[in-house]
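my_file.cif follows (mmCIF, C-alpha atoms):
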data_coords
#
loop_
_atom_site.label_atom_id
_atom_site.label_comp_id
_atom_site.auth_asym_id
_atom_site.auth_seq_id
_atom_site.Cartn_x
_atom_site.Cartn_y
_atom_site.Cartn_z
CA MET A 1 -9.96 7.61 -12.34
CA LYS A 2 -7.83 9.99 -14.43
CA ASN A 3 -7.60 12.53 -11.60
CA LEU A 4 -6.73 9.71 -9.19
CA GLU A 5 -3.91 8.45 -11.41
CA SER A 6 -2.57 11.99 -11.82
CA LEU A 7 -2.58 12.62 -8.07
CA PHE A 8 -0.86 9.31 -7.34
CA ASP A 9 1.80 10.05 -9.95
CA GLN A 10 2.50 13.32 -8.18
CA LEU A 11 2.63 11.57 -4.79
CA GLN A 12 5.19 9.12 -6.24
CA ILE A 13 3.58 5.96 -4.87
CA THR A 14 5.58 2.87 -5.76
CA THR A 15 4.78 -0.83 -5.43
CA ASN A 16 7.11 -3.48 -4.06
CA VAL A 17 6.09 -7.15 -4.23
CA PHE A 18 8.79 -8.66 -2.02
CA HIS A 19 7.58 -12.23 -1.45
CA ASN A 20 5.94 -14.94 -3.55
CA GLY A 21 6.27 -18.41 -2.04
CA GLN A 22 4.68 -21.38 -0.31
CA TYR A 23 4.74 -21.92 3.45
CA CYS A 24 4.66 -25.41 4.93
CA GLY A 25 4.61 -26.91 8.42
CA ASN A 26 4.57 -24.76 11.56
CA TRP A 27 4.98 -21.13 10.57
CA GLN A 28 3.75 -17.62 11.26
CA ILE A 29 4.73 -14.28 9.77
CA ASP A 30 4.31 -10.62 10.64
CA THR A 31 5.41 -8.23 7.91
CA SER A 32 4.42 -5.02 9.70
CA GLY A 33 7.12 -2.45 10.31
CA THR A 34 7.63 -1.01 6.84
CA GLY A 35 5.64 2.09 7.75
CA PHE A 36 3.82 1.82 4.43
CA ILE A 37 0.60 0.24 3.13
CA THR A 38 1.10 -3.53 3.23
CA PHE A 39 -0.89 -6.31 1.57
CA HIS A 40 -1.10 -10.11 1.37
CA ALA A 41 -2.85 -12.12 -1.34
CA VAL A 42 -3.50 -15.85 -0.94
CA THR A 43 -2.80 -17.37 -4.34
CA HIS A 44 -3.06 -21.03 -3.29
CA GLY A 45 -4.49 -22.85 -0.27
CA GLN A 46 -5.62 -21.01 2.86
CA CYS A 47 -4.33 -19.48 6.10
CA TYR A 48 -5.56 -17.34 9.00
CA LEU A 49 -5.16 -13.65 9.71
CA HIS A 50 -4.78 -12.68 13.38
CA ARG A 51 -5.38 -9.07 14.41
CA ASN A 52 -4.76 -7.94 17.99
CA ASP A 53 -7.51 -9.46 20.17
CA ASP A 54 -9.94 -10.06 17.32
CA GLY A 55 -10.77 -13.62 16.33
CA PRO A 56 -8.91 -15.30 13.47
CA VAL A 57 -10.11 -14.61 9.92
CA LEU A 58 -9.88 -17.34 7.32
CA LEU A 59 -8.19 -16.27 4.10
CA GLU A 60 -8.70 -18.56 1.12
CA LYS A 61 -7.34 -18.67 -2.42
CA GLY A 62 -8.33 -15.47 -4.18
CA ASP A 63 -8.58 -13.38 -0.99
CA MET A 64 -6.49 -10.32 -0.24
CA VAL A 65 -5.95 -8.24 2.90
CA LEU A 66 -4.85 -4.59 2.80
CA LEU A 67 -3.37 -2.82 5.86
CA PRO A 68 -3.42 0.95 5.14
CA VAL A 69 -1.59 1.93 8.34
CA ASP A 70 0.76 -1.07 8.59
CA SER A 71 -1.09 -2.46 11.61
CA PRO A 72 0.41 -5.32 13.67
CA HIS A 73 -0.85 -8.68 12.46
CA LEU A 74 0.07 -12.32 12.07
CA LEU A 75 -0.55 -14.89 9.37
CA SER A 76 -0.47 -18.56 10.35
CA PRO A 77 -1.82 -21.92 9.13
CA THR A 78 -4.11 -22.43 12.15
CA LYS A 79 -6.76 -20.60 14.17
CA THR A 80 -4.39 -20.42 17.11
CA HIS A 81 -1.02 -18.73 17.19
CA THR A 82 1.78 -17.57 19.46
CA TYR A 83 3.81 -14.39 19.39
CA LYS A 84 7.02 -16.36 19.67
CA ASN A 85 9.48 -16.50 16.83
CA VAL A 86 8.61 -19.42 14.58
CA SER A 87 10.55 -20.44 11.49
CA ALA A 88 8.86 -19.06 8.39
CA SER A 89 10.96 -20.30 5.51
CA SER A 90 9.13 -20.73 2.23
CA ILE A 91 9.51 -22.33 -1.18
CA PRO A 92 9.71 -19.82 -4.07
CA VAL A 93 6.99 -20.19 -6.68
CA SER A 94 9.73 -20.65 -9.26
CA GLU A 95 10.37 -24.07 -7.69
CA LYS A 96 8.01 -27.03 -7.59
CA LEU A 97 5.24 -26.37 -5.06
CA GLY A 98 3.90 -28.96 -2.66
CA ALA A 99 0.31 -30.15 -2.54
CA GLU A 100 -0.27 -28.53 0.86
CA GLY A 101 0.55 -25.19 2.35
CA PRO A 102 -0.62 -21.72 1.29
CA VAL A 103 1.14 -19.64 -1.31
CA LEU A 104 1.33 -15.97 -0.30
CA LEU A 105 2.07 -12.93 -2.41
CA CYS A 106 3.18 -10.11 -0.11
CA GLY A 107 4.10 -6.53 -0.80
CA TYR A 108 3.69 -2.91 0.15
CA PHE A 109 2.87 0.44 -1.41
CA GLU A 110 5.56 2.96 -0.56
CA TYR A 111 5.01 6.72 -0.36
CA GLN A 112 6.92 9.75 0.88
CA HIS A 113 4.46 12.62 0.79
CA PRO A 114 2.85 13.43 4.18
CA LEU A 115 -0.57 13.86 2.55
CA MET A 116 -0.77 10.07 2.22
CA ARG A 117 -0.65 9.74 5.99
CA VAL A 118 -3.72 11.96 6.22
CA ILE A 119 -5.49 9.79 3.64
CA THR A 120 -4.56 6.42 5.16
CA LYS A 121 -5.70 7.48 8.63
CA GLU A 122 -9.21 7.86 7.21
CA LEU A 123 -9.25 4.30 5.87
CA PRO A 124 -10.12 1.16 7.89
CA GLU A 125 -7.24 -0.45 9.78
CA PHE A 126 -7.77 -3.67 7.83
CA TRP A 127 -9.70 -4.29 4.65
CA ILE A 128 -10.23 -7.87 3.46
CA ILE A 129 -11.26 -8.44 -0.14
CA LYS A 130 -12.95 -11.84 -0.26
CA LYS A 131 -13.08 -13.67 -3.56
CA ALA A 132 -16.77 -14.40 -3.01
CA SER A 133 -17.74 -10.83 -2.03
CA LYS A 134 -19.68 -8.46 -4.28
CA GLU A 135 -17.19 -5.63 -4.46
CA SER A 136 -16.07 -3.98 -7.69
CA ARG A 137 -16.06 -6.45 -10.60
CA VAL A 138 -13.00 -4.80 -12.15
CA LEU A 139 -11.18 -5.01 -8.81
CA HIS A 140 -11.84 -8.73 -8.51
CA GLU A 141 -10.86 -9.41 -12.10
CA SER A 142 -7.60 -7.53 -11.54
CA LEU A 143 -6.92 -9.47 -8.34
CA GLN A 144 -7.45 -12.77 -10.16
CA LEU A 145 -5.06 -11.58 -12.87
CA LEU A 146 -2.46 -10.84 -10.17
CA ILE A 147 -2.92 -14.32 -8.71
CA SER A 148 -2.62 -16.01 -12.09
CA ALA A 149 0.51 -14.01 -12.97
CA SER A 150 2.12 -14.76 -9.58
CA LEU A 151 1.79 -18.52 -10.10
CA GLU A 152 3.39 -18.52 -13.53
CA VAL A 153 7.03 -19.56 -13.64
CA SER A 154 8.93 -16.92 -15.62
CA ASP A 155 12.36 -17.26 -17.15
CA SER A 156 13.15 -13.76 -15.91
CA THR A 157 12.90 -12.75 -12.25
CA PHE A 158 13.03 -9.12 -13.36
CA THR A 159 10.13 -9.57 -15.79
CA SER A 160 8.07 -11.35 -13.13
CA SER A 161 8.64 -8.65 -10.49
CA VAL A 162 7.88 -5.80 -12.90
CA LEU A 163 4.67 -7.48 -14.04
CA LEU A 164 3.48 -8.21 -10.50
CA ASN A 165 4.31 -4.68 -9.35
CA LYS A 166 2.35 -3.14 -12.24
CA ILE A 167 -0.73 -5.30 -11.69
CA ALA A 168 -0.58 -4.62 -7.92
CA GLU A 169 -0.37 -0.88 -8.64
CA VAL A 170 -3.58 -1.04 -10.69
CA ILE A 171 -5.27 -2.99 -7.90
CA PHE A 172 -4.22 -0.34 -5.38
CA LEU A 173 -5.75 2.41 -7.50
CA LEU A 174 -8.99 0.42 -7.73
CA ILE A 175 -8.99 -0.26 -3.98
CA VAL A 176 -8.49 3.41 -3.10
CA LYS A 177 -11.15 4.46 -5.61
CA HIS A 178 -13.56 2.03 -3.95
CA LEU A 179 -12.65 2.92 -0.35
CA MET A 180 -12.59 6.68 -0.79
CA SER A 181 -16.29 6.66 -1.66
CA LYS A 182 -16.96 5.15 1.79
CA TYR A 183 -14.27 6.54 4.06
CA SER A 184 -11.91 9.18 2.70
CA SER A 185 -13.12 12.78 2.61
CA THR A 186 -9.57 13.97 1.87
CA LEU A 187 -9.20 12.06 -1.38
CA GLY A 188 -12.73 12.94 -2.39
CA ALA A 189 -12.03 16.64 -1.91
CA LEU A 190 -8.58 16.59 -3.51
CA LEU A 191 -10.02 14.83 -6.52
CA HIS A 192 -12.77 17.42 -6.84
CA PRO A 193 -12.12 19.13 -10.21
CA ALA A 194 -11.81 22.62 -8.70
CA ILE A 195 -9.29 21.79 -5.98
CA ALA A 196 -7.53 19.23 -8.16
CA ASN A 197 -6.93 21.91 -10.80
CA SER A 198 -5.32 24.23 -8.28
CA LEU A 199 -3.12 21.43 -6.97
CA GLN A 200 -2.12 20.46 -10.49
CA ALA A 201 -0.99 24.03 -11.10
CA LEU A 202 0.96 24.02 -7.84
CA HIS A 203 2.56 20.66 -8.63
CA ASN A 204 3.57 21.80 -12.11
CA ALA A 205 5.22 25.03 -10.92
CA PRO A 206 6.33 24.63 -7.28
CA GLU A 207 8.87 27.45 -7.71
CA GLN A 208 6.17 30.08 -8.12
CA HIS A 209 5.36 32.38 -5.21
CA TRP A 210 1.94 30.87 -4.61
CA ASN A 211 -0.57 32.26 -2.13
CA VAL A 212 -4.06 31.17 -1.14
CA GLU A 213 -5.70 33.84 -3.28
CA MET A 214 -3.95 32.58 -6.43
CA LEU A 215 -4.89 28.95 -5.72
CA ALA A 216 -8.47 29.89 -4.91
CA SER A 217 -8.72 31.79 -8.19
CA ILE A 218 -7.69 28.69 -10.14
CA ALA A 219 -10.30 26.69 -8.20
CA ASN A 220 -12.87 29.41 -8.95
CA MET A 221 -13.62 29.74 -5.23
CA SER A 222 -13.38 32.57 -2.76
CA LYS A 223 -10.17 32.76 -0.76
CA SER A 224 -11.90 32.02 2.56
CA ASN A 225 -14.01 29.18 1.18
CA TYR A 226 -11.02 27.56 -0.51
CA ALA A 227 -8.82 27.80 2.59
CA ALA A 228 -11.52 26.44 4.87
CA LYS A 229 -12.43 23.53 2.59
CA PHE A 230 -8.80 22.60 2.00
CA LYS A 231 -7.96 22.65 5.73
CA ALA A 232 -11.08 20.68 6.67
CA CYS A 233 -10.30 17.97 4.14
CA ALA A 234 -6.52 17.72 4.13
CA GLY A 235 -5.86 18.56 7.76
CA ILE A 236 -3.30 21.22 6.77
CA THR A 237 -3.49 24.68 5.18
CA PRO A 238 -2.81 25.16 1.46
CA ILE A 239 0.47 26.94 2.23
CA LYS A 240 1.58 24.17 4.58
CA TYR A 241 0.77 21.69 1.83
CA LEU A 242 2.82 23.77 -0.60
CA THR A 243 5.78 23.79 1.78
CA GLN A 244 5.61 20.04 2.35
CA TRP A 245 5.24 19.36 -1.35
CA ARG A 246 8.25 21.52 -2.26
CA LEU A 247 10.51 20.00 0.37
CA ARG A 248 9.50 16.38 -0.26
CA CYS A 249 10.11 16.86 -3.98
CA ALA A 250 13.40 18.60 -3.22
CA CYS A 251 14.35 15.67 -0.99
CA THR A 252 13.82 13.28 -3.91
CA GLU A 253 15.97 15.51 -6.13
CA ILE A 254 18.75 15.55 -3.55
CA ILE A 255 18.75 11.76 -3.31
CA GLN A 256 18.45 11.01 -7.02
CA SER A 257 20.58 13.74 -8.62
CA ASN A 258 23.93 15.48 -8.26
CA LYS A 259 22.53 18.96 -8.83
CA PRO A 260 24.01 21.71 -6.64
CA LEU A 261 21.84 22.40 -3.60
CA ILE A 262 21.27 26.03 -4.64
CA THR A 263 19.91 24.81 -7.99
CA ILE A 264 17.45 22.53 -6.19
CA ALA A 265 16.56 25.33 -3.77
CA ASN A 266 15.71 27.69 -6.67
CA GLN A 267 13.83 24.93 -8.44
CA TYR A 268 11.45 24.63 -5.50
CA GLY A 269 10.89 28.28 -4.70
CA TYR A 270 13.76 29.16 -2.33
CA GLU A 271 15.99 32.10 -3.28
CA THR A 272 18.90 31.26 -0.97
CA GLU A 273 20.51 28.03 0.13
CA ALA A 274 20.31 29.18 3.77
CA SER A 275 16.50 29.62 3.73
CA PHE A 276 16.12 26.31 1.89
CA SER A 277 18.34 24.46 4.37
CA LYS A 278 16.47 25.88 7.36
CA ALA A 279 13.04 24.87 5.96
CA PHE A 280 14.35 21.48 4.83
CA LYS A 281 15.76 20.59 8.24
CA ARG A 282 12.55 21.67 9.95
CA GLU A 283 10.47 19.42 7.68
CA ILE A 284 12.78 16.47 6.94
CA GLY A 285 14.79 16.42 10.16
CA VAL A 286 18.27 16.77 8.66
CA SER A 287 19.99 19.35 6.45
CA PRO A 288 20.02 18.92 2.65
CA SER A 289 23.73 18.08 2.66
CA GLN A 290 23.25 15.49 5.42
CA LYS A 291 20.40 13.92 3.48
CA ARG A 292 22.56 13.57 0.40
CA VAL A 293 25.34 11.92 2.41
CA GLN A 294 22.84 9.52 4.04
CA ALA A 295 21.49 8.52 0.63
CA ARG A 296 24.89 7.67 -0.82
CA PRO A 297 26.21 4.13 -0.36
CA ALA A 298 29.06 3.86 2.11
#
Please express what this file holds, its structure, as structure tokens.
Amino acid sequence: MKNLESLFDQLQITTNVFHNGQYCGNWQIDTSGTGFITFHAVTHGQCYLHRNDDGPVLLEKGDMVLLPVDSPHLLSPTKTHTYKNVSASSIPVSEKLGAEGPVLLCGYFEYQHPLMRVITKELPEFWIIKKASKESRVLHESLQLLISASLEVSDSTFTSSVLLNKIAEVIFLLIVKHLMSKYSSTLGALLHPAIANSLQALHNAPEQHWNVEMLASIANMSKSNYAAKFKACAGITPIKYLTQWRLRCACTEIIQSNKPLITIANQYGYETEASFSKAFKREIGVSPSQKRVQARPA
């Protein structure tokens, strides 16, 4: 679990619980479109999950559905549904809830690093955690804690959102830990102590002139074996991973700081602003200066 937490810290995965309310009457919602890993937890009542041409799935209090690749879906109060726009207004949990109608806690796990796309593609399109199933005991206890916390009326909206986001983050770690043992070869390999150690070194010093031989040495593997294993698991070469890591981290720096671009370029292993700008545009799609302008409020 420690290696998993460390990797996720480096990947800068953040949680956003954006809805916590009760739906009544004729409603249906589709929250896909974020491009991230979405989830819904039923904290009161019941509703139905509709997925493409599959039959409806009943979700009851205590159940949660995770959508690793943000797949199209609908939630509605009945087994039947339409794809027409239907009013989906809800009552916030902070107000008095009615006797009928499900209460849904909805959110998503946001990430920027391209490695997460490799990982999520290996996971099932939908994963439903039923309250009555025999999955991880700790996972279910954490989910019930999330449900209990979501139904409490707090005097502070900020405190409530921070608490829910933190509990949801723990649940996500537990979910991935559970799923990777069944589906994800990438996470399993990247959490292997040998490869994880080499990645930790790379993450801690992205400005170094790394090569495969240096990384393999840290992993105590031969150069060829390390390169082959890394490519087979992650879908990209170690050097491609290094490039993506540097530029995604640099992108975050550009958005969040006012450092000169040459300082950021040097910080992530580029000796000139020109070489940095060329690599950045190839990976991110815009130049560093354009990215900074886009990130600033108008």
* Hits from the PyMOL selection byres ((chain A and resi 227) around 10), listed as a list in words ->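 Evaluating the PyMOL selection byres ((chain A and resi 227) around 10) on this file yields Val212, Glu213, Leu215, Ala216, Met221, Ser222, Lys223, Ser224, Asn225, Tyr226, Ala228, Lys229, Phe230, Lys231, Ala232, Ile236, Thr237, Pro238 and Ile239 of chain A.
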Keeping C-alpha atoms for every residue in the selection just given, could you write it to a file as a PDB file, in the coordinates of the input?
ATOM      1  CA  VAL A 212      -4.060  31.170  -1.140  1.00  0.00           C
ATOM      2  CA  GLU A 213      -5.700  33.840  -3.280  1.00  0.00           C
ATOM      3  CA  LEU A 215      -4.890  28.950  -5.720  1.00  0.00           C
ATOM      4  CA  ALA A 216      -8.470  29.890  -4.910  1.00  0.00           C
ATOM      5  CA  MET A 221     -13.620  29.740  -5.230  1.00  0.00           C
ATOM      6  CA  SER A 222     -13.380  32.570  -2.760  1.00  0.00           C
ATOM      7  CA  LYS A 223     -10.170  32.760  -0.760  1.00  0.00           C
ATOM      8  CA  SER A 224     -11.900  32.020   2.560  1.00  0.00           C
ATOM      9  CA  ASN A 225     -14.010  29.180   1.180  1.00  0.00           C
ATOM     10  CA  TYR A 226     -11.020  27.560  -0.510  1.00  0.00           C
ATOM     11  CA  ALA A 228     -11.520  26.440   4.870  1.00  0.00           C
ATOM     12  CA  LYS A 229     -12.430  23.530   2.590  1.00  0.00           C
ATOM     13  CA  PHE A 230      -8.800  22.600   2.000  1.00  0.00           C
ATOM     14  CA  LYS A 231      -7.960  22.650   5.730  1.00  0.00           C
ATOM     15  CA  ALA A 232     -11.080  20.680   6.670  1.00  0.00           C
ATOM     16  CA  ILE A 236      -3.300  21.220   6.770  1.00  0.00           C
ATOM     17  CA  THR A 237      -3.490  24.680   5.180  1.00  0.00           C
ATOM     18  CA  PRO A 238      -2.810  25.160   1.460  1.00  0.00           C
ATOM     19  CA  ILE A 239       0.470  26.940   2.230  1.00  0.00           C
TER      20      ILE A 239
END
Find the residues around Glu110 (chain A) up to 7 Å (all atoms listed in the file counted), leave out those fewer than 4 positions away in its own chain, and share them as a compact mmCIF listing (two decimals) with C-alpha atoms, in the coordinates of the input.
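Printed below is selection.txt as written:
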# COMPACT_ATOMS: atom_id res chain seq x y z
CA ILE A 13 3.58 5.96 -4.87
CA THR A 14 5.58 2.87 -5.76
CA THR A 15 4.78 -0.83 -5.43
CA PHE A 36 3.82 1.82 4.43
CA ILE A 37 0.60 0.24 3.13
* Distance in Å - CA of Lys121 (chain A) versus CA of Pro68 (chain A) ->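 Separating CA of Lys121 (chain A) from CA of Pro68 (chain A) is a distance of 7.7 Å.
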* Find the spatial neighbours of Asp54 (chain A), counting only C-alpha atoms, within a cut-off of 12 Å - ignore same-chain residues fewer than 6 positions away - and output them as a list in words. => Tyr48, Pro72, His73, Leu74, Lys79, Thr80 and Phe126 of chain A
* Find the distance between CA of Gly101 (chain A) and CA of Tyr23 (chain A) and write it in Å to one decimal. =>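 Interatomic distance, CA of Gly101 (chain A) to CA of Tyr23 (chain A): 5.4 Å.
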Result set, the PyMOL selection byres ((chain A and resi 143) around 10) on current file, as a compact mmCIF listing (two decimals) with C-alpha atoms, keeping the file's coordinate frame:
# COMPACT_ATOMS: atom_id res chain seq x y z
CA ALA A 41 -2.85 -12.12 -1.34
CA THR A 43 -2.80 -17.37 -4.34
CA GLY A 62 -8.33 -15.47 -4.18
CA ASP A 63 -8.58 -13.38 -0.99
CA MET A 64 -6.49 -10.32 -0.24
CA ILE A 129 -11.26 -8.44 -0.14
CA LYS A 131 -13.08 -13.67 -3.56
CA ARG A 137 -16.06 -6.45 -10.60
CA VAL A 138 -13.00 -4.80 -12.15
CA LEU A 139 -11.18 -5.01 -8.81
CA HIS A 140 -11.84 -8.73 -8.51
CA GLU A 141 -10.86 -9.41 -12.10
CA SER A 142 -7.60 -7.53 -11.54
CA GLN A 144 -7.45 -12.77 -10.16
CA LEU A 145 -5.06 -11.58 -12.87
CA LEU A 146 -2.46 -10.84 -10.17
CA ILE A 147 -2.92 -14.32 -8.71
CA SER A 148 -2.62 -16.01 -12.09
CA ALA A 149 0.51 -14.01 -12.97
CA ILE A 167 -0.73 -5.30 -11.69
CA ALA A 168 -0.58 -4.62 -7.92
CA VAL A 170 -3.58 -1.04 -10.69
CA ILE A 171 -5.27 -2.99 -7.90
CA PHE A 172 -4.22 -0.34 -5.38
* Using all atoms listed in the file, give me every residue within 12 Å of (0.2, 22.9, -10.2) in file coordinates, as a ChimeraX atom specification. => /A:6-7,10,195-210,214-215,218-219,242,245-246
Please produce an output containing C-alpha atoms for each residue in the selection, written as a PDB file, in the coordinates of the input.
ATOM      1  CA  SER A   6      -2.570  11.990 -11.820  1.00  0.00           C
ATOM      2  CA  LEU A   7      -2.580  12.620  -8.070  1.00  0.00           C
ATOM      3  CA  GLN A  10       2.500  13.320  -8.180  1.00  0.00           C
ATOM      4  CA  ILE A 195      -9.290  21.790  -5.980  1.00  0.00           C
ATOM      5  CA  ALA A 196      -7.530  19.230  -8.160  1.00  0.00           C
ATOM      6  CA  ASN A 197      -6.930  21.910 -10.800  1.00  0.00           C
ATOM      7  CA  SER A 198      -5.320  24.230  -8.280  1.00  0.00           C
ATOM      8  CA  LEU A 199      -3.120  21.430  -6.970  1.00  0.00           C
ATOM      9  CA  GLN A 200      -2.120  20.460 -10.490  1.00  0.00           C
ATOM     10  CA  ALA A 201      -0.990  24.030 -11.100  1.00  0.00           C
ATOM     11  CA  LEU A 202       0.960  24.020  -7.840  1.00  0.00           C
ATOM     12  CA  HIS A 203       2.560  20.660  -8.630  1.00  0.00           C
ATOM     13  CA  ASN A 204       3.570  21.800 -12.110  1.00  0.00           C
ATOM     14  CA  ALA A 205       5.220  25.030 -10.920  1.00  0.00           C
ATOM     15  CA  PRO A 206       6.330  24.630  -7.280  1.00  0.00           C
ATOM     16  CA  GLU A 207       8.870  27.450  -7.710  1.00  0.00           C
ATOM     17  CA  GLN A 208       6.170  30.080  -8.120  1.00  0.00           C
ATOM     18  CA  HIS A 209       5.360  32.380  -5.210  1.00  0.00           C
ATOM     19  CA  TRP A 210       1.940  30.870  -4.610  1.00  0.00           C
ATOM     20  CA  MET A 214      -3.950  32.580  -6.430  1.00  0.00           C
ATOM     21  CA  LEU A 215      -4.890  28.950  -5.720  1.00  0.00           C
ATOM     22  CA  ILE A 218      -7.690  28.690 -10.140  1.00  0.00           C
ATOM     23  CA  ALA A 219     -10.300  26.690  -8.200  1.00  0.00           C
ATOM     24  CA  LEU A 242       2.820  23.770  -0.600  1.00  0.00           C
ATOM     25  CA  TRP A 245       5.240  19.360  -1.350  1.00  0.00           C
ATOM     26  CA  ARG A 246       8.250  21.520  -2.260  1.00  0.00           C
TER      27      ARG A 246
END
* region 283-292 of chain A: which residues within 8 Å, counting all atoms listed in the file, same-chain residues fewer than 6 positions away excluded, as number ranges by chain? -> A: 244, 247-248, 251, 254-255, 261, 277
Run the PyMOL selection byres ((chain A and resi 105) around 6) mentally over the shown coordinates, then write out the matched residues as a short mmCIF file (atom, residue, chain, number, x, y, z; two decimals) with C-alpha atoms, keeping the file's coordinate frame, using the chain letters and numbers from the document.
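selection18.cif was written with the following content:
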data_model
loop_
_atom_site.label_atom_id
_atom_site.label_comp_id
_atom_site.auth_asym_id
_atom_site.auth_seq_id
_atom_site.Cartn_x
_atom_site.Cartn_y
_atom_site.Cartn_z
CA HIS A 19 7.58 -12.23 -1.45
CA ASN A 20 5.94 -14.94 -3.55
CA HIS A 40 -1.10 -10.11 1.37
CA ALA A 41 -2.85 -12.12 -1.34
CA LEU A 104 1.33 -15.97 -0.30
CA CYS A 106 3.18 -10.11 -0.11
#
* Restricting the calculation to all atoms listed in the file, which member of A:Phe276, A:Cys24, A:Ser150, A:Ala265 is positioned closest to Ala99 (chain A)? -> A:Cys24
